[in-house]
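Q: Take a look at this one; I'll ask things after.
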Amino acid sequence: MTLTNRSIDTPPRAPSPVHNFGTLAVHAGSPHDPVTGAVIEPVGYPKSLRMRDNFEKAIAALEHARFSLAFASGSATTAVILQSLAAGSHVVSVSDVYGGTHRYFTKVAAAHGVQVTFSPSIEISVAELIRPNETKLIWIESPSNPTLSLVDIRAVATIAHQHGIMVVVDNTFLSPYIQNPLDHGADIVVHSVTKYINGHSDVLMGAAAFNSPELYERLVFLQNAIGAVPSPFDCWLAHRGLKTLHLRAREASNNALIVARTLSASPHVISVNYPGLSSHPQHHIALKQHRAGLGGGMLSFRIKGGMAAAERFCQSTQIFTLAESLGGVESLVEVPGSMTHAGIPKEEREAAGVFEDLVRVSCGVEDGDDLRKDVLRGLERAVVHGKINGFQENGSTRTADHQA
Ligand SMILES: Cc1ncc(COP(=O)(O)O)c(C=O)c1O
């Protein structure tokens with residue numbers, strides 16, 4: 001038997017929980033092509049469902065789950081889970097969820113008879129917000145978007161399970177490399193695959209992972225019935241991205257720590273939200289819930305000079321690009337108050353800490369020192385030059401004669 005034949009005949013090495021993250025990321029759901037012996041099955045394989053199956057197996061392995069399902073987007077994943085609830089159901093959610101999730105909860109779920117109550121401090125208030133026989137789901141984002149506050153998943157899950165309620169955690173911001181919510185008592189973990197898992201800002205996809213066979217039956221039926229499925233090519237691309245997730249997530253996290261420290265030391269910054277800083281009010285949760293206490297690649301900060309300074313900062317950086325998405329290899333910045341979270345009423349937004357001067361940063365994998373210098377240059381231009389050029393704190397410029 002030739003070496004080539006042997007590699008075709010031998011079953012693919014099955015990754016198992018004895019393997020660590022990097023090995024699973026590269027090998028889980030990646031059988032060698034039984035026809036040609038290729039190390040990676042070619043996209044367009046006759047059974048194109050294979051691409052989705054392979055991707056789903058990889059996500060299940062990385063999230064320590066029995067099952068995983070892939071969807072056409074993170075929002076489609078949210079929609080399918082909400083759709084699985086009967087009319088009359090009630091959901092308790094953290095307040096500062098992703099703007100699109102908030103929109104779905106308030107504008108779409110409500111229309112099919114599902115009510116959502118938002119809580120700014122879910123660990124404290126969950127017990128009193130639960131409605132006997134009505135509350136079916138608790139929705140957590142940890143860290144939350146865009147204020148990066150953390151939720152103790154185990155604490156919430158313990159209360160939820162006493163009432164037979166399922167806990168969903170949106171793990172988009174950390175990726176399975178940094179946090180595995182099922183290990184902390186969650187029943188379903190969801191991802192916008194569009195972000196860290198794909199990692200290259202060129203695919204729109206979502207995924208859910210869980211252990212319950214009954215849940216699998218319900219969600220796989222809706223995945224098919226609603227048709228919110230990803231294309232084979234997107235599954236193939238996202239799976240390719242996932243193979244380097246551990247490298248990217250580590251680098252993004254290291255870069256975010258550099259940026260967070262730079263911002264914290266600046267006189268132009270009011271406050272920094274980053275769970276990897278020991279000054280973060282829930283840093284102890286990061287130490288308990290995140291791999292090696294890593295803070296992830298996302299952070300946000302309040303800049304001096306109001307929304308105008310926030311917007312100027314985002315236009316002044318040279319490496320950080322002004323854009324709404326996150327989790328890619330390239331660093332991005334945005335102003336949630338006028339962009340991702342503009343749809344949430346101002347009072348509600350500010351109650352959740354999303355002020356107009358808040359800038360959200362997604363650190364990519366560029367050189368950390370270049371990112372540090374870019375942040376310093378952005379602050380200087382936004383705050384110091386802004387004052388010299390006559391910008392007011394409320395975002396408008398002074399009258400034309402001042403500018404002349
Ligand atoms: C935390 C979080 N969840 C879900 C989504 C929705 O994902 P998608 O853009 O893939 O629909 C996003 C998108 O920004 C997000 O940030």
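Note on naming: chains are A, B, ... as they come in the structure tokens, residues start from 1 per chain, ligands start from 1 in the order shown.
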To check your reading of the model: which residues sit at most 6 Å from ligand 1 when counting only C-alpha atoms and all ligand atoms? Write the answer as a ChimeraX atom specification.

A: /A:73-75,98,172-173,192,194,204-206,325

Q: Write the selection just made, keeping all heavy atoms, as a short mmCIF file (atom, residue, chain, number, x, y, z; two decimals), in the first residue's frame?

A:
data_model
loop_
_atom_site.label_atom_id
_atom_site.label_comp_id
_atom_site.auth_asym_id
_atom_site.auth_seq_id
_atom_site.Cartn_x
_atom_site.Cartn_y
_atom_site.Cartn_z
N SER A 73 -27.30 34.11 8.89
CA SER A 73 -26.68 35.27 9.55
C SER A 73 -26.86 35.10 11.06
O SER A 73 -27.63 34.22 11.50
CB SER A 73 -27.36 36.58 9.11
OG SER A 73 -28.70 36.60 9.54
N GLY A 74 -26.19 35.95 11.83
CA GLY A 74 -26.41 35.94 13.27
C GLY A 74 -27.85 36.32 13.57
O GLY A 74 -28.50 35.73 14.44
N SER A 75 -28.38 37.28 12.82
CA SER A 75 -29.75 37.72 13.05
C SER A 75 -30.75 36.61 12.73
O SER A 75 -31.76 36.45 13.43
CB SER A 75 -30.05 38.96 12.21
OG SER A 75 -29.14 39.97 12.55
N TYR A 98 -27.03 43.71 21.17
CA TYR A 98 -26.78 44.20 19.81
C TYR A 98 -28.06 44.87 19.29
O TYR A 98 -29.17 44.35 19.50
CB TYR A 98 -26.35 43.02 18.93
CG TYR A 98 -26.49 43.23 17.46
CD1 TYR A 98 -25.76 44.24 16.82
CD2 TYR A 98 -27.33 42.44 16.69
CE1 TYR A 98 -25.90 44.44 15.46
CE2 TYR A 98 -27.46 42.64 15.33
CZ TYR A 98 -26.75 43.64 14.72
OH TYR A 98 -26.88 43.85 13.37
N THR A 172 -20.78 36.12 20.45
CA THR A 172 -20.13 36.71 19.28
C THR A 172 -18.87 37.48 19.64
O THR A 172 -17.85 37.39 18.95
CB THR A 172 -21.12 37.67 18.58
OG1 THR A 172 -22.25 36.91 18.16
CG2 THR A 172 -20.50 38.37 17.39
N PHE A 173 -18.93 38.28 20.72
CA PHE A 173 -17.83 39.19 21.04
C PHE A 173 -16.56 38.46 21.49
O PHE A 173 -15.47 39.02 21.37
CB PHE A 173 -18.26 40.16 22.15
CG PHE A 173 -18.76 41.48 21.63
CD1 PHE A 173 -19.53 41.55 20.47
CD2 PHE A 173 -18.47 42.66 22.29
CE1 PHE A 173 -19.99 42.75 19.99
CE2 PHE A 173 -18.92 43.88 21.81
CZ PHE A 173 -19.68 43.93 20.66
N SER A 192 -22.79 35.37 15.81
CA SER A 192 -22.76 35.93 14.48
C SER A 192 -21.40 35.47 13.94
O SER A 192 -20.36 36.00 14.30
CB SER A 192 -22.83 37.46 14.54
OG SER A 192 -22.49 37.96 13.26
N THR A 194 -20.33 35.89 11.14
CA THR A 194 -19.86 37.04 10.38
C THR A 194 -18.63 37.69 11.02
O THR A 194 -17.81 38.29 10.33
CB THR A 194 -21.01 38.09 10.33
OG1 THR A 194 -22.24 37.41 10.08
CG2 THR A 194 -20.77 39.18 9.32
N LEU A 204 -21.44 36.47 5.64
CA LEU A 204 -22.53 36.74 6.58
C LEU A 204 -23.09 35.38 6.98
O LEU A 204 -23.59 34.64 6.12
CB LEU A 204 -23.60 37.57 5.86
CG LEU A 204 -24.73 38.16 6.68
CD1 LEU A 204 -24.20 39.20 7.66
CD2 LEU A 204 -25.77 38.79 5.77
N MET A 205 -22.98 35.03 8.27
CA MET A 205 -23.46 33.71 8.73
C MET A 205 -23.69 33.71 10.22
O MET A 205 -23.14 34.56 10.94
CB MET A 205 -22.40 32.63 8.41
CG MET A 205 -22.82 31.67 7.34
SD MET A 205 -21.47 30.54 6.94
CE MET A 205 -21.69 29.28 8.19
N GLY A 206 -24.47 32.75 10.70
CA GLY A 206 -24.67 32.60 12.14
C GLY A 206 -24.62 31.14 12.53
O GLY A 206 -24.64 30.26 11.66
N SER A 325 -19.10 46.73 11.48
CA SER A 325 -18.94 45.32 11.85
C SER A 325 -17.82 45.16 12.87
O SER A 325 -17.32 46.16 13.44
CB SER A 325 -18.67 44.48 10.60
OG SER A 325 -18.90 43.12 10.90
#

Q: Quick one: everything within 12 Å of A:Gly327, counting only C-alpha atoms, minus sequence neighbours fewer than 4 positions away in the same chain. Send it as a PyMOL selection string.

A: chain A and resi 171-175+191-203+241-242+245+248-253+256+296-299+323+331-333+361-365

Q: Selected residues, C-alpha atoms, written as a PDB file, in the first residue's frame, please.

A:
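The resulting file, part22.pdb, is reproduced below:
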ATOM      1  CA  ASN A 171     -20.924  34.671  22.401  1.00  0.00           C
ATOM      2  CA  THR A 172     -20.134  36.712  19.278  1.00  0.00           C
ATOM      3  CA  PHE A 173     -17.831  39.192  21.041  1.00  0.00           C
ATOM      4  CA  LEU A 174     -15.478  36.598  22.520  1.00  0.00           C
ATOM      5  CA  SER A 175     -15.702  33.632  20.136  1.00  0.00           C
ATOM      6  CA  HIS A 191     -22.764  33.434  17.229  1.00  0.00           C
ATOM      7  CA  SER A 192     -22.763  35.933  14.484  1.00  0.00           C
ATOM      8  CA  VAL A 193     -20.219  33.895  12.477  1.00  0.00           C
ATOM      9  CA  THR A 194     -19.858  37.042  10.376  1.00  0.00           C
ATOM     10  CA  LYS A 195     -17.503  38.310  13.118  1.00  0.00           C
ATOM     11  CA  TYR A 196     -14.604  36.423  14.785  1.00  0.00           C
ATOM     12  CA  ILE A 197     -15.391  32.903  13.600  1.00  0.00           C
ATOM     13  CA  ASN A 198     -15.133  33.795   9.920  1.00  0.00           C
ATOM     14  CA  GLY A 199     -12.807  36.652  10.792  1.00  0.00           C
ATOM     15  CA  HIS A 200     -12.195  38.123   7.350  1.00  0.00           C
ATOM     16  CA  SER A 201     -15.246  40.402   6.887  1.00  0.00           C
ATOM     17  CA  ASP A 202     -16.364  38.565   3.761  1.00  0.00           C
ATOM     18  CA  VAL A 203     -19.119  36.205   4.962  1.00  0.00           C
ATOM     19  CA  GLY A 241     -11.521  31.225   8.720  1.00  0.00           C
ATOM     20  CA  LEU A 242     -12.271  29.196  11.833  1.00  0.00           C
ATOM     21  CA  LEU A 245      -9.527  31.523  15.161  1.00  0.00           C
ATOM     22  CA  ARG A 248      -6.551  35.725  15.576  1.00  0.00           C
ATOM     23  CA  ALA A 249      -8.477  35.845  18.856  1.00  0.00           C
ATOM     24  CA  ARG A 250      -5.250  35.802  20.896  1.00  0.00           C
ATOM     25  CA  GLU A 251      -3.673  38.572  18.815  1.00  0.00           C
ATOM     26  CA  ALA A 252      -6.832  40.703  18.809  1.00  0.00           C
ATOM     27  CA  SER A 253      -7.022  40.324  22.574  1.00  0.00           C
ATOM     28  CA  ALA A 256      -7.094  45.347  22.667  1.00  0.00           C
ATOM     29  CA  GLY A 296     -11.232  39.776  23.827  1.00  0.00           C
ATOM     30  CA  GLY A 297     -10.704  42.127  20.911  1.00  0.00           C
ATOM     31  CA  MET A 298     -13.569  44.551  21.631  1.00  0.00           C
ATOM     32  CA  LEU A 299     -13.589  47.634  23.828  1.00  0.00           C
ATOM     33  CA  ALA A 323     -17.276  50.712   9.961  1.00  0.00           C
ATOM     34  CA  SER A 331      -9.276  47.091  13.184  1.00  0.00           C
ATOM     35  CA  LEU A 332     -12.523  49.093  13.095  1.00  0.00           C
ATOM     36  CA  VAL A 333     -14.111  51.970  15.005  1.00  0.00           C
ATOM     37  CA  VAL A 361     -13.315  49.683  18.908  1.00  0.00           C
ATOM     38  CA  SER A 362     -12.769  46.294  17.288  1.00  0.00           C
ATOM     39  CA  CYS A 363      -9.082  45.415  17.386  1.00  0.00           C
ATOM     40  CA  GLY A 364      -7.767  43.388  14.501  1.00  0.00           C
ATOM     41  CA  VAL A 365      -4.460  41.592  14.185  1.00  0.00           C
TER      42      VAL A 365
END

Q: Residues within 10 Å of A:Val384, please, as a list in words. Count only C-alpha atoms; anything in the same chain fewer than 3 positions from it doesn't count.

A: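 Those residues are His268, Lys304, Gly305, Ala309, Gly378, Leu379, Glu380, Arg381, Lys387, Ile388 and Asn389 of chain A.
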
Q: When you count only C-alpha atoms, which of these residues is closest to A:Leu215: A:Glu347, A:Ile188, A:Tyr177, A:Gln282?

A: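 Among the listed residues, the smallest separation from A:Leu215 belongs to A:Ile188.
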
Q: Can you pull out every residue from stretch 78-325 of chain A that DSSP, working from the backbone, puts in helix (DSSP H, G or I), and format the result as an NGL selection string?

A: :A and (78-83 or 99-112 or 122-129 or 153-162 or 175-178 or 181-184 or 213-227 or 232-242 or 245-264 or 283-289 or 291-293 or 306-316)

Q: Please provide as a PyMOL selection string all residues within 6 Å of stretch 62-65 of chain A, with the sequence filter that same-chain residues fewer than 4 positions apart are discarded (counting only C-alpha atoms).

A: chain A and resi 176+180+209-211

Q: What lies within 8 Å of A:Tyr274 using only C-alpha atoms, ignoring chain neighbours under 5 positions off, as a ChimeraX atom specification?

A: /A:148,257,260,280,295,298-300

Q: Since we have the selection now, will you write its residues out, keeping N, CA, C and O atoms, as a CSV table (one decimal), in the first residue's frame?

A:
chain,number,residue,atom,x,y,z
A,148,LEU,N,-19.5,46.5,27.0
A,148,LEU,CA,-18.6,45.5,27.5
A,148,LEU,C,-18.8,45.1,28.9
A,148,LEU,O,-17.8,44.9,29.7
A,257,LEU,N,-5.8,44.9,24.7
A,257,LEU,CA,-5.2,45.3,26.0
A,257,LEU,C,-4.2,46.5,25.8
A,257,LEU,O,-4.3,47.4,26.6
A,260,ALA,N,-6.5,49.5,25.2
A,260,ALA,CA,-7.2,49.9,26.4
A,260,ALA,C,-6.3,50.6,27.4
A,260,ALA,O,-6.7,51.6,28.0
A,280,HIS,N,-11.7,47.0,35.4
A,280,HIS,CA,-13.1,46.7,34.9
A,280,HIS,C,-13.9,46.2,36.1
A,280,HIS,O,-13.5,45.3,36.8
A,295,GLY,N,-9.4,39.5,27.6
A,295,GLY,CA,-10.5,40.4,27.5
A,295,GLY,C,-11.2,40.4,26.2
A,295,GLY,O,-12.2,41.1,26.0
A,298,MET,N,-12.7,43.4,21.7
A,298,MET,CA,-13.6,44.6,21.6
A,298,MET,C,-13.4,45.4,22.9
A,298,MET,O,-13.3,44.9,24.0
A,299,LEU,N,-13.5,46.7,22.7
A,299,LEU,CA,-13.6,47.6,23.8
A,299,LEU,C,-14.4,48.9,23.4
A,299,LEU,O,-14.6,49.1,22.2
A,300,SER,N,-14.7,49.7,24.4
A,300,SER,CA,-15.3,51.0,24.1
A,300,SER,C,-14.8,52.0,25.0
A,300,SER,O,-14.3,51.7,26.1

Q: Near A:Ile258, within 8 Å and counting only C-alpha atoms, which residues show up once chain neighbours fewer than 4 positions away are dropped, as a list in words?

A: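 Near neighbours after the sequence-gap exclusion: Asn254, Thr262, Gly368, Asp369 and Arg372 of chain A.
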
Q: Using the chain letters and numbers from this document, which residues of stretch 107-346 of chain A does DSSP assign to strand (DSSP E or B), as a PyMOL selection string?

A: chain A and resi 115-119+135-141+166-170+188-192+206-210+269-273+298-303+321-322+332-334

Q: Write out as an MDAnalysis selection string each polymer residue whose atoms come within 8 Å of A:Val335, counting only C-alpha atoms; drop sequence neighbours fewer than 6 positions from it.

A: chainID A and resid 310:311 314 356:360

Q: For A:Leu129, which residue out of A:His163, A:Ala228, A:His27, A:Leu263 is the nearest one, using only C-alpha atoms?

A: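 Using only C-alpha atoms, A:Leu129 sits closest to A:His163.
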
Q: Between A:Val189, A:Ala58, A:Val35, A:Ala155, which one has atoms that come closest to A:His239, using only C-alpha atoms?

A: A:Ala58

Q: So, counting only C-alpha atoms, which residue among A:Leu277, A:Ala72, A:Asn54, A:Asn133 is closest to A:Asp234?

A: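 Using only C-alpha atoms, the shortest distance to A:Asp234 belongs to A:Ala72.
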